$ cat query_12.json   # JSON, C-alpha atoms
[["chain", "number", "residue", "atom", "x", "y", "z"],
["X", 1, "MET", "CA", 3.25, 11.32, -3.64],
["X", 2, "ALA", "CA", 3.25, 10.95, 0.13],
["X", 3, "LEU", "CA", 5.29, 7.74, -0.03],
["X", 4, "LYS", "CA", 8.48, 8.18, 1.95],
["X", 5, "ASN", "CA", 10.79, 7.09, -0.85],
["X", 6, "GLU", "CA", 9.08, 7.14, -4.25],
["X", 7, "ALA", "CA", 12.28, 6.39, -6.18],
["X", 8, "LYS", "CA", 12.98, 3.29, -4.07],
["X", 9, "PHE", "CA", 9.41, 2.08, -4.50],
["X", 10, "LEU", "CA", 9.48, 2.53, -8.29],
["X", 11, "TRP", "CA", 12.73, 0.55, -8.45],
["X", 12, "SER", "CA", 11.53, -2.35, -6.28],
["X", 13, "LEU", "CA", 7.71, -2.08, -6.46],
["X", 14, "VAL", "CA", 7.67, -3.08, -2.78],
["X", 15, "TYR", "CA", 5.72, -1.06, -0.24],
["X", 16, "GLN", "CA", 6.58, -1.47, 3.45],
["X", 17, "HIS", "CA", 5.18, 0.18, 6.55],
["X", 18, "SER", "CA", 5.51, -0.27, 10.29],
["X", 19, "GLY", "CA", 3.23, 1.98, 12.32],
["X", 20, "GLN", "CA", -0.37, 3.01, 12.71],
["X", 21, "PRO", "CA", -2.88, 1.88, 10.05],
["X", 22, "GLY", "CA", -3.97, 5.43, 9.19],
["X", 23, "GLN", "CA", -0.79, 6.11, 7.25],
["X", 24, "VAL", "CA", -1.32, 2.97, 5.16],
["X", 25, "PHE", "CA", -4.70, 4.27, 3.95],
["X", 26, "ALA", "CA", -3.02, 7.46, 2.73],
["X", 27, "ASP", "CA", -0.25, 5.47, 1.06],
["X", 28, "VAL", "CA", -2.76, 3.18, -0.70],
["X", 29, "ASP", "CA", -4.43, 6.29, -2.16],
["X", 30, "ASP", "CA", -1.02, 7.34, -3.49],
["X", 31, "LEU", "CA", -0.33, 3.88, -4.89],
["X", 32, "ARG", "CA", -3.70, 3.93, -6.65],
["X", 33, "ALA", "CA", -3.06, 7.38, -8.14],
["X", 34, "LEU", "CA", 0.43, 6.38, -9.26],
["X", 35, "ASP", "CA", -0.88, 3.20, -10.87],
["X", 36, "LYS", "CA", -3.59, 5.09, -12.78],
["X", 37, "THR", "CA", -1.01, 7.60, -13.99],
["X", 38, "PHE", "CA", 1.27, 4.89, -15.37],
["X", 39, "GLU", "CA", -1.72, 3.12, -16.90],
["X", 40, "ALA", "CA", -2.74, 6.28, -18.79],
["X", 41, "LYS", "CA", 0.83, 6.97, -19.92],
["X", 42, "GLY", "CA", 1.21, 3.35, -21.02],
["X", 43, "LYS", "CA", -1.86, 3.67, -23.24],
["X", 44, "MET", "CA", -0.46, 6.86, -24.77],
["X", 45, "TRP", "CA", 2.89, 5.25, -25.61],
["X", 46, "PHE", "CA", 1.07, 2.17, -26.95],
["X", 47, "ILE", "CA", -0.86, 4.36, -29.39],
["X", 48, "LEU", "CA", 2.30, 6.23, -30.45],
["X", 49, "SER", "CA", 4.32, 3.04, -30.92],
["X", 50, "SER", "CA", 1.48, 1.49, -32.95],
["X", 51, "VAL", "CA", 1.13, 4.56, -35.17],
["X", 52, "PHE", "CA", 4.84, 4.83, -35.97],
["X", 53, "THR", "CA", 5.17, 1.06, -36.48],
["X", 54, "LEU", "CA", 2.39, 1.25, -39.07],
["X", 55, "LEU", "CA", 4.08, 4.26, -40.67],
["X", 56, "CYS", "CA", 7.33, 2.30, -40.87],
["X", 57, "LEU", "CA", 5.49, -0.56, -42.57],
["X", 58, "ALA", "CA", 3.76, 1.89, -44.90],
["X", 59, "GLY", "CA", 7.15, 3.38, -45.82],
["X", 60, "VAL", "CA", 8.53, -0.06, -46.68],
["X", 61, "ILE", "CA", 5.48, -0.86, -48.84],
["X", 62, "LEU", "CA", 5.69, 2.55, -50.53],
["X", 63, "SER", "CA", 9.37, 2.02, -51.27],
["X", 64, "ILE", "CA", 8.55, -1.33, -52.91],
["X", 65, "VAL", "CA", 5.68, 0.10, -54.94],
["X", 66, "LEU", "CA", 7.79, 3.06, -56.08],
["X", 67, "GLU", "CA", 10.73, 0.77, -56.77],
["X", 68, "GLY", "CA", 13.10, 2.20, -54.17],
["X", 69, "HIS", "CA", 12.04, 5.83, -54.33],
["X", 70, "PRO", "CA", 13.77, 7.79, -51.51],
["X", 71, "ILE", "CA", 10.48, 9.07, -50.08],
["X", 72, "GLY", "CA", 9.43, 5.56, -49.03],
["X", 73, "LEU", "CA", 12.80, 4.77, -47.46],
["X", 74, "ALA", "CA", 12.85, 8.14, -45.69],
["X", 75, "LEU", "CA", 9.39, 7.58, -44.23],
["X", 76, "ALA", "CA", 10.29, 4.06, -43.09],
["X", 77, "GLY", "CA", 13.58, 5.22, -41.54],
["X", 78, "PHE", "CA", 12.02, 8.17, -39.72],
["X", 79, "ALA", "CA", 9.12, 6.08, -38.38],
["X", 80, "PHE", "CA", 11.48, 3.32, -37.23],
["X", 81, "VAL", "CA", 13.70, 5.76, -35.32],
["X", 82, "VAL", "CA", 10.67, 7.18, -33.51],
["X", 83, "ALA", "CA", 8.92, 3.83, -32.96],
["X", 84, "VAL", "CA", 11.82, 2.20, -31.10],
["X", 85, "PRO", "CA", 11.88, 4.58, -28.08],
["X", 86, "CYS", "CA", 8.08, 4.52, -28.04],
["X", 87, "VAL", "CA", 8.10, 0.74, -27.71],
["X", 88, "VAL", "CA", 10.78, 0.93, -25.00],
["X", 89, "MET", "CA", 8.71, 3.45, -23.01],
["X", 90, "ARG", "CA", 5.57, 1.34, -23.44],
["X", 91, "LEU", "CA", 7.33, -1.76, -22.07],
["X", 92, "LYS", "CA", 8.87, 0.18, -19.20],
["X", 93, "LEU", "CA", 5.55, 1.70, -18.16],
["X", 94, "GLY", "CA", 3.84, -1.67, -18.57],
["X", 95, "LYS", "CA", 5.99, -3.03, -15.73],
["X", 96, "LEU", "CA", 4.89, -0.13, -13.51],
["X", 97, "ASN", "CA", 1.20, -0.67, -14.26],
["X", 98, "THR", "CA", 0.49, -2.85, -11.24],
["X", 99, "GLU", "CA", -2.35, -5.24, -10.41],
["X", 100, "ASP", "CA", -5.18, -3.20, -8.87],
["X", 101, "ARG", "CA", -6.56, -5.96, -6.65],
["X", 102, "ARG", "CA", -3.34, -6.15, -4.64],
["X", 103, "TYR", "CA", -3.50, -2.70, -3.11],
["X", 104, "GLU", "CA", -7.31, -2.80, -3.10],
["X", 105, "LEU", "CA", -7.20, -5.98, -0.99],
["X", 106, "LEU", "CA", -4.75, -4.37, 1.42],
["X", 107, "GLU", "CA", -7.11, -1.42, 1.85],
["X", 108, "GLY", "CA", -10.11, -3.72, 2.36],
["X", 109, "LEU", "CA", -8.31, -5.80, 4.99],
["X", 110, "LEU", "CA", -7.24, -2.70, 6.88],
["X", 111, "GLN", "CA", -10.86, -1.53, 6.99],
["X", 112, "LEU", "CA", -11.85, -4.95, 8.31],
["X", 113, "LEU", "CA", -9.14, -5.36, 10.94],
["X", 114, "GLN", "CA", -8.78, -1.90, 12.46],
["X", 115, "THR", "CA", -12.27, -2.05, 13.99],
["X", 116, "ASP", "CA", -10.95, -4.61, 16.53],
["X", 117, "MET", "CA", -7.62, -2.90, 17.14],
["X", 118, "ALA", "CA", -6.67, -0.22, 19.63],
["X", 119, "PRO", "CA", -6.37, 3.31, 18.13],
["X", 120, "GLU", "CA", -2.67, 3.44, 19.05],
["X", 121, "SER", "CA", -1.91, -0.06, 17.74],
["X", 122, "ARG", "CA", 0.79, -0.63, 15.16],
["X", 123, "MET", "CA", 0.87, -2.84, 12.09],
["X", 124, "ARG", "CA", 3.59, -4.22, 9.84],
["X", 125, "VAL", "CA", 2.75, -4.27, 6.16],
["X", 126, "GLN", "CA", 4.62, -5.54, 3.11],
["X", 127, "LEU", "CA", 2.96, -5.26, -0.31],
["X", 128, "VAL", "CA", 4.80, -6.49, -3.42],
["X", 129, "LEU", "CA", 3.41, -5.11, -6.68],
["X", 130, "SER", "CA", 5.88, -6.56, -9.20],
["X", 131, "ARG", "CA", 4.73, -9.28, -11.58],
["X", 132, "PRO", "CA", 4.60, -12.87, -10.32],
["X", 133, "ASN", "CA", 7.03, -14.19, -12.94],
["X", 134, "VAL", "CA", 10.04, -11.93, -12.32],
["X", 135, "LYS", "CA", 13.37, -13.73, -11.95],
["X", 136, "LYS", "CA", 13.74, -13.40, -8.17],
["X", 137, "LYS", "CA", 10.38, -15.16, -7.63],
["X", 138, "PHE", "CA", 11.42, -18.23, -9.65],
["X", 139, "SER", "CA", 11.12, -21.40, -7.55],
["X", 140, "HIS", "CA", 12.01, -24.39, -9.71],
["X", 141, "LYS", "CA", 11.50, -26.07, -13.07],
["X", 142, "GLY", "CA", 9.65, -29.31, -13.74],
["X", 143, "GLU", "CA", 7.35, -31.20, -16.07],
["X", 144, "SER", "CA", 3.62, -31.87, -16.13],
["X", 145, "GLY", "CA", 2.69, -34.32, -18.86],
["X", 146, "ALA", "CA", 3.96, -32.90, -22.13],
["X", 147, "TRP", "CA", 4.48, -29.46, -20.62],
["X", 148, "THR", "CA", 7.74, -28.00, -19.36],
["X", 149, "VAL", "CA", 6.84, -25.85, -16.37],
["X", 150, "LYS", "CA", 8.55, -22.94, -14.63],
["X", 151, "TYR", "CA", 7.21, -22.46, -11.12],
["X", 152, "TYR", "CA", 7.15, -19.09, -9.35],
["X", 153, "THR", "CA", 6.25, -18.30, -5.73],
["X", 154, "ASP", "CA", 5.12, -14.73, -5.13],
["X", 155, "THR", "CA", 4.42, -13.86, -1.48],
["X", 156, "TRP", "CA", 2.97, -10.44, -2.24],
["X", 157, "LEU", "CA", 1.15, -9.47, 0.96],
["X", 158, "LYS", "CA", 2.12, -9.75, 4.62],
["X", 159, "LEU", "CA", 0.01, -8.04, 7.24],
["X", 160, "GLU", "CA", 0.80, -8.30, 10.97],
["X", 161, "GLY", "CA", -0.88, -6.75, 13.99],
["X", 162, "ARG", "CA", -2.62, -7.35, 17.32],
["X", 163, "PHE", "CA", -6.28, -7.20, 18.32],
["X", 164, "LEU", "CA", -7.78, -5.68, 21.48],
["X", 165, "ASP", "CA", -7.93, -9.12, 23.16],
["X", 166, "GLY", "CA", -4.17, -9.47, 22.76],
["X", 167, "THR", "CA", -4.29, -11.98, 19.88],
["X", 168, "ALA", "CA", -1.52, -11.43, 17.34],
["X", 169, "PHE", "CA", -2.33, -12.14, 13.68],
["X", 170, "LEU", "CA", -0.39, -12.67, 10.47],
["X", 171, "VAL", "CA", -2.10, -12.60, 7.06],
["X", 172, "GLU", "CA", -0.17, -13.73, 4.00],
["X", 173, "VAL", "CA", -1.27, -13.90, 0.36],
["X", 174, "VAL", "CA", 0.84, -15.93, -2.06],
["X", 175, "GLU", "CA", 0.45, -16.35, -5.81],
["X", 176, "ARG", "CA", 1.67, -19.65, -7.21],
["X", 177, "PHE", "CA", 2.36, -18.94, -10.85],
["X", 178, "GLN", "CA", 3.28, -21.33, -13.66],
["X", 179, "GLU", "CA", 4.70, -20.70, -17.13],
["X", 180, "ARG", "CA", 4.04, -23.75, -19.33],
["X", 181, "SER", "CA", 5.46, -24.53, -22.76],
["X", 182, "ARG", "CA", 5.56, -27.48, -25.17],
["X", 183, "TRP", "CA", 6.14, -28.29, -28.82],
["X", 184, "ALA", "CA", 3.17, -29.36, -30.91],
["X", 185, "THR", "CA", 3.00, -30.63, -34.51],
["X", 186, "SER", "CA", 0.37, -29.12, -36.79],
["X", 187, "ARG", "CA", -1.51, -31.00, -39.50],
["X", 188, "SER", "CA", 0.94, -29.69, -42.07],
["X", 189, "GLY", "CA", 3.82, -31.21, -40.13],
["X", 190, "LYS", "CA", 5.24, -27.97, -38.81],
["X", 191, "LYS", "CA", 6.34, -27.76, -35.21],
["X", 192, "LYS", "CA", 5.04, -24.89, -33.13],
["X", 193, "ARG", "CA", 5.86, -23.91, -29.58],
["X", 194, "LYS", "CA", 2.76, -23.45, -27.45],
["X", 195, "THR", "CA", 2.70, -21.55, -24.16],
["X", 196, "LYS", "CA", 0.19, -20.90, -21.42],
["X", 197, "THR", "CA", 0.12, -19.78, -17.81],
["X", 198, "LYS", "CA", -1.63, -21.04, -14.69],
["X", 199, "SER", "CA", -2.11, -19.29, -11.41],
["X", 200, "ALA", "CA", -3.56, -19.99, -7.97],
["X", 201, "THR", "CA", -3.74, -17.78, -4.90],
["X", 202, "VAL", "CA", -3.04, -19.08, -1.40],
["X", 203, "PHE", "CA", -4.40, -17.22, 1.63],
["X", 204, "ARG", "CA", -2.74, -17.94, 4.97],
["X", 205, "LEU", "CA", -3.81, -16.79, 8.42],
["X", 206, "ARG", "CA", -2.09, -17.44, 11.72],
["X", 207, "LEU", "CA", -3.36, -16.38, 15.15],
["X", 208, "LYS", "CA", -1.30, -16.39, 18.32],
["X", 209, "PRO", "CA", -3.64, -15.75, 21.27],
["X", 210, "LYS", "CA", -2.67, -15.13, 24.87],
["X", 211, "ALA", "CA", -2.04, -18.49, 26.51],
["X", 212, "LYS", "CA", -4.04, -17.72, 29.66],
["X", 213, "ARG", "CA", -7.10, -16.76, 27.66],
["X", 214, "TYR", "CA", -7.23, -19.88, 25.46],
["X", 215, "GLN", "CA", -5.68, -22.81, 27.35],
["X", 216, "HIS", "CA", -7.01, -25.96, 25.67],
["X", 217, "LEU", "CA", -6.39, -25.49, 21.94],
["X", 218, "SER", "CA", -4.56, -28.80, 21.52],
["X", 219, "GLU", "CA", -7.65, -30.67, 22.80],
["X", 220, "ILE", "CA", -9.94, -29.48, 20.03],
["X", 221, "GLY", "CA", -8.67, -32.21, 17.69],
["X", 222, "ALA", "CA", -11.12, -33.30, 14.96],
["X", 223, "ASN", "CA", -13.65, -30.67, 16.03],
["X", 224, "ALA", "CA", -11.44, -27.95, 14.56],
["X", 225, "GLN", "CA", -12.15, -28.94, 10.94],
["X", 226, "GLY", "CA", -15.90, -28.73, 11.53],
["X", 227, "ALA", "CA", -15.56, -25.15, 12.77],
["X", 228, "LEU", "CA", -14.28, -23.91, 9.41],
["X", 229, "GLN", "CA", -16.76, -21.72, 7.53],
["X", 230, "LEU", "CA", -15.22, -20.79, 4.20],
["X", 231, "PRO", "CA", -16.53, -19.70, 0.78],
["X", 232, "GLU", "CA", -17.19, -22.50, -1.71],
["X", 233, "ALA", "CA", -14.71, -20.98, -4.17],
["X", 234, "VAL", "CA", -11.70, -21.93, -2.01],
["X", 235, "GLN", "CA", -10.13, -25.22, -0.95],
["X", 236, "THR", "CA", -8.72, -25.83, 2.50],
["X", 237, "LYS", "CA", -5.04, -26.74, 2.18],
["X", 238, "GLY", "CA", -4.07, -26.93, 5.83],
["X", 239, "LEU", "CA", -5.27, -26.42, 9.39],
["X", 240, "GLN", "CA", -3.08, -26.50, 12.49],
["X", 241, "VAL", "CA", -4.33, -26.12, 16.03],
["X", 242, "GLU", "CA", -1.88, -26.26, 18.93],
["X", 243, "ASP", "CA", -1.44, -24.56, 22.26],
["X", 244, "GLY", "CA", 0.99, -22.02, 20.81],
["X", 245, "GLY", "CA", -1.48, -20.82, 18.20],
["X", 246, "LEU", "CA", -3.51, -21.90, 15.20],
["X", 247, "SER", "CA", -3.39, -21.36, 11.46],
["X", 248, "VAL", "CA", -5.36, -22.08, 8.31],
["X", 249, "LYS", "CA", -4.37, -22.08, 4.64],
["X", 250, "VAL", "CA", -6.78, -22.01, 1.69],
["X", 251, "GLN", "CA", -6.34, -21.83, -2.07],
["X", 252, "SER", "CA", -8.40, -20.12, -4.75],
["X", 253, "LYS", "CA", -7.99, -20.81, -8.46],
["X", 254, "ALA", "CA", -10.65, -18.31, -9.45],
["X", 255, "ASP", "CA", -9.79, -14.91, -10.88],
["X", 256, "TRP", "CA", -10.99, -13.23, -7.69],
["X", 257, "GLN", "CA", -11.58, -9.55, -7.10],
["X", 258, "ALA", "CA", -10.46, -7.56, -4.05],
["X", 259, "GLY", "CA", -13.89, -7.75, -2.40],
["X", 260, "GLU", "CA", -13.94, -11.53, -2.78],
["X", 261, "GLY", "CA", -10.44, -11.81, -1.34],
["X", 262, "LYS", "CA", -11.51, -9.70, 1.63],
["X", 263, "GLN", "CA", -14.46, -12.05, 2.22],
["X", 264, "VAL", "CA", -12.18, -15.10, 2.15],
["X", 265, "VAL", "CA", -9.85, -13.62, 4.77],
["X", 266, "ALA", "CA", -12.81, -12.44, 6.90],
["X", 267, "MET", "CA", -14.25, -15.99, 6.93],
["X", 268, "MET", "CA", -10.83, -17.37, 7.86],
["X", 269, "PHE", "CA", -10.74, -15.05, 10.89],
["X", 270, "ILE", "CA", -14.28, -16.04, 11.87],
["X", 271, "SER", "CA", -13.40, -19.74, 11.57],
["X", 272, "LEU", "CA", -10.28, -19.52, 13.71],
["X", 273, "TYR", "CA", -12.04, -17.48, 16.36],
["X", 274, "GLN", "CA", -14.77, -20.12, 16.42],
["X", 275, "ILE", "CA", -12.06, -22.65, 17.26],
["X", 276, "LEU", "CA", -10.70, -20.33, 19.96],
["X", 277, "ASN", "CA", -14.17, -20.11, 21.47],
["X", 278, "LEU", "CA", -14.43, -23.91, 21.45],
["X", 279, "SER", "CA", -11.20, -24.10, 23.43],
["X", 280, "ARG", "CA", -12.56, -21.73, 26.06],
["X", 281, "ALA", "CA", -15.66, -23.90, 26.43],
["X", 282, "ILE", "CA", -13.54, -26.85, 27.56],
["X", 283, "THR", "CA", -13.61, -27.20, 31.32],
["X", 284, "LYS", "CA", -10.98, -29.26, 33.05],
["X", 285, "PRO", "CA", -12.10, -31.77, 35.73],
["X", 286, "GLY", "CA", -12.07, -30.11, 39.12],
["X", 287, "SER", "CA", -11.93, -26.59, 37.70],
["X", 288, "GLN", "CA", -15.48, -25.81, 38.87],
["X", 289, "GLY", "CA", -15.81, -24.81, 42.45],
["X", 290, "SER", "CA", -18.19, -26.67, 44.78],
["X", 291, "ALA", "CA", -21.60, -25.16, 45.47]]
$ encode --input "query_12.json" --output "structure tokens"
Amino acid sequence: MALKNEAKFLWSLVYQHSGQPGQVFADVDDLRALDKTFEAKGKMWFILSSVFTLLCLAGVILSIVLEGHPIGLALAGFAFVVAVPCVVMRLKLGKLNTEDRRYELLEGLLQLLQTDMAPESRMRVQLVLSRPNVKKKFSHKGESGAWTVKYYTDTWLKLEGRFLDGTAFLVEVVERFQERSRWATSRSGKKKRKTKTKSATVFRLRLKPKAKRYQHLSEIGANAQGALQLPEAVQTKGLQVEDGGLSVKVQSKADWQAGEGKQVVAMMFISLYQILNLSRAITKPGSQGSA
């Protein structure tokens, strides 16, 4: 691992970097390799825990068939003792088996953005790879119809930098996760607790251009919405255009892949730059010199 502090990362599952983009590419390769390692180990412990759980069950059945013969109890006891640590290891490694599209999206966005950045430019990156429903991401609890809902807010990617034209950018990706539960009555009259999850991803982009370069942003008004060119799979949730900068927020409910996420962010950049270009096209009365 080339990560500066592997132990700290494994404890928090948070990757942070402030510096040139090249190092991030190397770190993403390490994150990918680490994830694949834990995925393979998790499968191994899953197989072992399954095998010894079945052996424990077989021992119990054998003990019943043989009317308490020691061989059945011995097999069940031995298998149980081995199965417990196998299950613990499987659960532990399952938490370290992270979502591939998170670091894949980071890599894709870096490839996209660095082409318009100076070679010596610096970036700030924060990538959170823990699950969206961990305790510290809990937002609030509420109800939706018959469902009791736990809401989680997981801001898992922040990417900051500056382009060659001096425009500063901030990309954020947020997962809004819900755990839903309710009691239902079956035909036989028994009550059963049902659960399900819902998730949506919010992409946010903010640009802060140099004031002298784009002076009339606040005058764009209603024309700003028409400049948005976004994929059909996302919904626009907010657009702000003011002299200090501009921002757009979209939401996707689809189970998107890293390449699709990269396309969404790329179209958000194109849309906001279209608005910037509109602001430059505005000419104030008297700004043109006489012939």
$ atom_distance --input "query_12.json" --atom1 "atom CA of X:Ala146" --atom2 "atom CA of X:Arg180"
9.6 Å
$ residues_around --input "query_12.json" --residues "X:Phe38" --least-positions-apart "6" --cutoff "12 Å" --atoms "only C-alpha atoms" --output "list in words"
Leu10, Leu31, Arg32, Met44, Trp45, Phe46, Met89, Arg90, Leu91, Lys92, Leu93, Gly94, Lys95, Leu96, Asn97, Thr98 and Glu99 of chain X
$ atom_distance --input "query_12.json" --atom1 "atom CA of X:Ala266" --atom2 "atom CA of X:Asp165"
17.3 Å
$ closest_residue --input "query_12.json" --among "X:Ala184, X:Pro231, X:Ile220, X:Gln251" --to "X:Ala281" --atoms "only C-alpha atoms"
X:Ile220
$ residues_near_point --input "query_12.json" --point "(-0.1, -5.3, 9.9)" --cutoff "10 Å" --atoms "only C-alpha atoms" --output "ChimeraX atom specification"
/X:17-21,24,106,109-110,113-114,121-126,157-162,168-171
$ closest_residue --input "query_12.json" --among "X:Val202, X:Val173, X:Leu164, X:Leu127" --to "X:Leu13" --atoms "only C-alpha atoms"
X:Leu127
$ closest_residue --input "query_12.json" --among "X:Arg176, X:Asp116, X:Phe203, X:Glu219" --to "X:Thr236" --atoms "only C-alpha atoms"
X:Phe203
$ atom_distance --input "query_12.json" --atom1 "atom CA of X:Val265" --atom2 "atom CA of X:Ala224"
17.4 Å
$ residues_around --input "query_12.json" --residues "X:Leu48" --least-positions-apart "2" --cutoff "9 Å" --atoms "all atoms listed in the file" --output "CSV table (one decimal) with C-alpha atoms, in the coordinates of the input"
chain,number,residue,atom,x,y,z
X,43,LYS,CA,-1.9,3.7,-23.2
X,44,MET,CA,-0.5,6.9,-24.8
X,45,TRP,CA,2.9,5.2,-25.6
X,46,PHE,CA,1.1,2.2,-27.0
X,50,SER,CA,1.5,1.5,-33.0
X,51,VAL,CA,1.1,4.6,-35.2
X,52,PHE,CA,4.8,4.8,-36.0
X,53,THR,CA,5.2,1.1,-36.5
X,82,VAL,CA,10.7,7.2,-33.5
X,83,ALA,CA,8.9,3.8,-33.0
X,86,CYS,CA,8.1,4.5,-28.0
X,87,VAL,CA,8.1,0.7,-27.7
$ closest_residue --input "query_12.json" --among "X:Lys210, X:Ile275, X:Leu112, X:Asn5" --to "X:Gln263" --atoms "all atoms listed in the file"
X:Leu112
$ residues_around --input "query_12.json" --residues "X:Val134" --least-positions-apart "2" --cutoff "10 Å" --atoms "only C-alpha atoms" --output "ChimeraX atom specification"
/X:130-132,136-138,152-154
$ closest_residue --input "query_12.json" --among "X:Leu34, X:Leu217, X:Leu246, X:Leu57" --to "X:Arg280" --atoms "all atoms listed in the file"
X:Leu217
$ closest_residue --input "query_12.json" --among "X:His216, X:Thr167, X:Gly145, X:Ala33" --to "X:Arg182" --atoms "all atoms listed in the file"
X:Gly145
$ residues_around --input "query_12.json" --residues "X:Ala74" --least-positions-apart "5" --cutoff "10 Å" --atoms "only C-alpha atoms" --output "number ranges by chain"
X: 56, 59-60, 63, 69, 79-80
$ residues_near_point --input "query_12.json" --point "(-17.4, -24.0, 14.8)" --cutoff "9 Å" --atoms "all atoms listed in the file" --output "ChimeraX atom specification"
/X:223-229,271-275,277-278
